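Working notes, structure below.
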Amino acid sequence: MLIDLEIVSPEKLLLSKSADMVVLPAAEGEMGVLPGHAPMIVLLRGGTIKLTVGGTVTDTLYVSGGFAEVTTTRVTVLATEAVEVASLVRAEGESRLAAAEAEYAAADRFNTEALDVAQAKIQSARALIEAAPAA
């Protein structure tokens with residue numbers, strides 16, 4: 001039995017595949033999804049989505065954030081940004097990290113929403129750097 005995965009960005013359908021297991025970068029930690037999983041909606045942090053078929057990771061994609069809807073037969077990811085890991089550029093992540101750190105440093109310390117947004121950008125940039133192939 002397989003679980004279907006669809007990754008959708010605001011512009012288009014990015015990926016549609018079936019897998020034995022999908023690992024998501026949920027806000028509270030990595031989450032494995034197998035066929036028959038309990039239905040839920042999950043907030044995603046910046047990180048990688050991994051598809052496993054036959055005990056082997058077949059696809060790895062970086063997402064900068066978004067949501068995932070999990071049902072017993074399907075995972076639908078609504079991603080802010082999704083890129084195949086092989087296409088990532090470490091320098092882009094470093095640039096995003098510097099900008100996010102500057103945004104955090106400039107944020108009003110009493111504006112918790114602005115601080116949370118900046119921290120999410122920092123985490124997402126760090127995940128991009130970690131996922132990017134070595135140059």
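Lettering and numbering for the structure tokens are positional, with chains as A, B, ... in the shown order, residues counted from 1 in each chain, and ligands counted from 1 in the shown order.
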Give me the residues near Leu2 (chain A) as a PyMOL selection string, where near means some atom within 12 Å (using only C-alpha atoms) and where sequence neighbours in that chain fewer than 3 positions away do not count. chain A and resi 5+17-22+33-37+51-54+72-75
Residues of the last selection are to be written out with N, CA and C atoms, as a tab-separated table (two decimals), in the first residue's frame.
chain	number	residue	atom	x	y	z
A	5	LEU	N	1.51	11.67	-2.67
A	5	LEU	CA	2.01	12.99	-2.24
A	5	LEU	C	1.83	13.97	-3.38
A	17	LYS	N	3.53	12.14	-6.70
A	17	LYS	CA	4.13	10.81	-6.69
A	17	LYS	C	3.53	9.98	-5.57
A	18	SER	N	3.74	8.68	-5.67
A	18	SER	CA	3.34	7.76	-4.60
A	18	SER	C	4.60	7.24	-3.92
A	19	ALA	N	4.49	6.96	-2.63
A	19	ALA	CA	5.65	6.48	-1.86
A	19	ALA	C	5.17	5.57	-0.74
A	20	ASP	N	6.11	4.82	-0.19
A	20	ASP	CA	5.82	4.00	0.98
A	20	ASP	C	5.67	4.88	2.22
A	21	MET	N	6.50	5.94	2.28
A	21	MET	CA	6.49	6.85	3.42
A	21	MET	C	6.92	8.25	2.96
A	22	VAL	N	6.32	9.25	3.58
A	22	VAL	CA	6.69	10.65	3.35
A	22	VAL	C	7.12	11.23	4.69
A	33	VAL	N	4.91	9.91	7.61
A	33	VAL	CA	3.52	9.62	7.26
A	33	VAL	C	3.49	8.34	6.44
A	34	LEU	N	2.75	7.36	6.93
A	34	LEU	CA	2.56	6.08	6.26
A	34	LEU	C	1.10	5.97	5.84
A	35	PRO	N	0.78	5.06	4.89
A	35	PRO	CA	-0.63	4.84	4.55
A	35	PRO	C	-1.42	4.50	5.80
A	36	GLY	N	-2.63	5.03	5.90
A	36	GLY	CA	-3.47	4.79	7.06
A	36	GLY	C	-3.26	5.78	8.20
A	37	HIS	N	-2.41	6.79	7.99
A	37	HIS	CA	-2.13	7.79	9.03
A	37	HIS	C	-3.42	8.53	9.41
A	51	LEU	N	10.77	11.35	0.27
A	51	LEU	CA	9.92	10.25	-0.14
A	51	LEU	C	10.73	8.98	-0.09
A	52	THR	N	10.16	7.94	0.52
A	52	THR	CA	10.83	6.66	0.62
A	52	THR	C	10.02	5.61	-0.14
A	53	VAL	N	10.71	4.86	-1.01
A	53	VAL	CA	10.10	3.75	-1.74
A	53	VAL	C	11.04	2.56	-1.59
A	54	GLY	N	10.51	1.45	-1.13
A	54	GLY	CA	11.32	0.24	-0.98
A	54	GLY	C	12.49	0.41	-0.03
A	72	THR	N	-5.68	9.45	5.20
A	72	THR	CA	-5.24	8.05	5.28
A	72	THR	C	-4.56	7.59	4.00
A	73	THR	N	-4.81	8.28	2.87
A	73	THR	CA	-4.26	7.85	1.58
A	73	THR	C	-3.42	8.90	0.87
A	74	ARG	N	-3.39	10.13	1.39
A	74	ARG	CA	-2.76	11.23	0.64
A	74	ARG	C	-2.14	12.25	1.57
A	75	VAL	N	-1.05	12.87	1.09
A	75	VAL	CA	-0.45	14.03	1.74
A	75	VAL	C	-0.44	15.14	0.69
Mind listing the alpha helix (DSSP H) residues of chain A, per DSSP on the backbone, as number ranges by chain? A: 90-106, 112-131
Pull the closest atom pair for each residue of region 7-90 of chain A that gets at most 12 Å from region 95-104 of chain A, along with the distance in Å to one decimal, counting only C-alpha atoms, ordering rows by chain and then ascending residue number, as a tab-separated table.
residue	atom	partner	partner_atom	distance
A:Ser64	CA	A:Arg96	CA	11.2
A:Val89	CA	A:Ser95	CA	10.3
A:Arg90	CA	A:Ser95	CA	8.7
Write a file of the selected residues as an mmCIF file, in the first residue's frame, keeping C-alpha atoms.
data_model
loop_
_atom_site.group_PDB
_atom_site.id
_atom_site.type_symbol
_atom_site.label_atom_id
_atom_site.label_comp_id
_atom_site.auth_asym_id
_atom_site.auth_seq_id
_atom_site.Cartn_x
_atom_site.Cartn_y
_atom_site.Cartn_z
ATOM 1 C CA SER A 64 10.623 27.065 3.017
ATOM 2 C CA VAL A 89 22.579 26.989 -3.951
ATOM 3 C CA ARG A 90 24.293 27.408 -0.588
#
Go through chain A and collect every residue that DSSP, computed from the backbone, puts in strand (DSSP E or B); the answer should be as an MDAnalysis selection string. chainID A and resid 3:8 13:19 21:26 29:33 40:44 47:53 56:63 66:70 74:79 82:84
When you look at region 23-29 of chain A with a cut-off of 7 Å (counting only C-alpha atoms), what residues show up, excluding the ones that are within fewer than 3 positions of it in the same chain? I need them as a ChimeraX atom specification. /A:32-33,42-51
Please produce an output containing N, CA and C atoms for each residue in the selection, written as a PDB file, in the first residue's frame.
ATOM      1  N   GLY A  32       6.922  11.349  10.125  1.00  0.00           N
ATOM      2  CA  GLY A  32       6.767  10.329   9.097  1.00  0.00           C
ATOM      3  C   GLY A  32       5.301  10.021   8.877  1.00  0.00           C
ATOM      4  N   VAL A  33       4.911   9.911   7.610  1.00  0.00           N
ATOM      5  CA  VAL A  33       3.522   9.619   7.257  1.00  0.00           C
ATOM      6  C   VAL A  33       3.488   8.338   6.438  1.00  0.00           C
ATOM      7  N   VAL A  42      -1.013  20.044   9.265  1.00  0.00           N
ATOM      8  CA  VAL A  42       0.260  20.268   9.944  1.00  0.00           C
ATOM      9  C   VAL A  42       0.925  21.532   9.406  1.00  0.00           C
ATOM     10  N   LEU A  43       1.438  22.366  10.299  1.00  0.00           N
ATOM     11  CA  LEU A  43       2.236  23.526   9.920  1.00  0.00           C
ATOM     12  C   LEU A  43       3.648  23.037   9.613  1.00  0.00           C
ATOM     13  N   LEU A  44       4.206  23.480   8.478  1.00  0.00           N
ATOM     14  CA  LEU A  44       5.558  23.079   8.097  1.00  0.00           C
ATOM     15  C   LEU A  44       6.538  24.215   8.359  1.00  0.00           C
ATOM     16  N   ARG A  45       7.732  23.846   8.809  1.00  0.00           N
ATOM     17  CA  ARG A  45       8.835  24.796   8.945  1.00  0.00           C
ATOM     18  C   ARG A  45       9.736  24.593   7.729  1.00  0.00           C
ATOM     19  N   GLY A  46      10.717  25.435   7.561  1.00  0.00           N
ATOM     20  CA  GLY A  46      11.697  25.229   6.501  1.00  0.00           C
ATOM     21  C   GLY A  46      12.447  23.930   6.743  1.00  0.00           C
ATOM     22  N   GLY A  47      12.605  23.129   5.710  1.00  0.00           N
ATOM     23  CA  GLY A  47      13.286  21.846   5.848  1.00  0.00           C
ATOM     24  C   GLY A  47      13.097  21.010   4.599  1.00  0.00           C
ATOM     25  N   THR A  48      13.327  19.705   4.716  1.00  0.00           N
ATOM     26  CA  THR A  48      13.227  18.835   3.545  1.00  0.00           C
ATOM     27  C   THR A  48      12.102  17.820   3.696  1.00  0.00           C
ATOM     28  N   ILE A  49      11.457  17.571   2.577  1.00  0.00           N
ATOM     29  CA  ILE A  49      10.465  16.508   2.460  1.00  0.00           C
ATOM     30  C   ILE A  49      11.168  15.348   1.786  1.00  0.00           C
ATOM     31  N   LYS A  50      11.048  14.163   2.367  1.00  0.00           N
ATOM     32  CA  LYS A  50      11.708  12.976   1.812  1.00  0.00           C
ATOM     33  C   LYS A  50      10.660  11.932   1.469  1.00  0.00           C
ATOM     34  N   LEU A  51      10.774  11.353   0.275  1.00  0.00           N
ATOM     35  CA  LEU A  51       9.918  10.251  -0.142  1.00  0.00           C
ATOM     36  C   LEU A  51      10.728   8.976  -0.094  1.00  0.00           C
TER      37      LEU A  51
END
- Ile129 (chain A): which residues within 8 Å, counting only C-alpha atoms, same-chain residues fewer than 3 positions away excluded, as a PyMOL selection string? chain A and resi 89-91+93-94+125-126+132
One decimal place gives the CA of Leu61 (chain A)-CA of Glu84 (chain A) separation as 4.4 Å
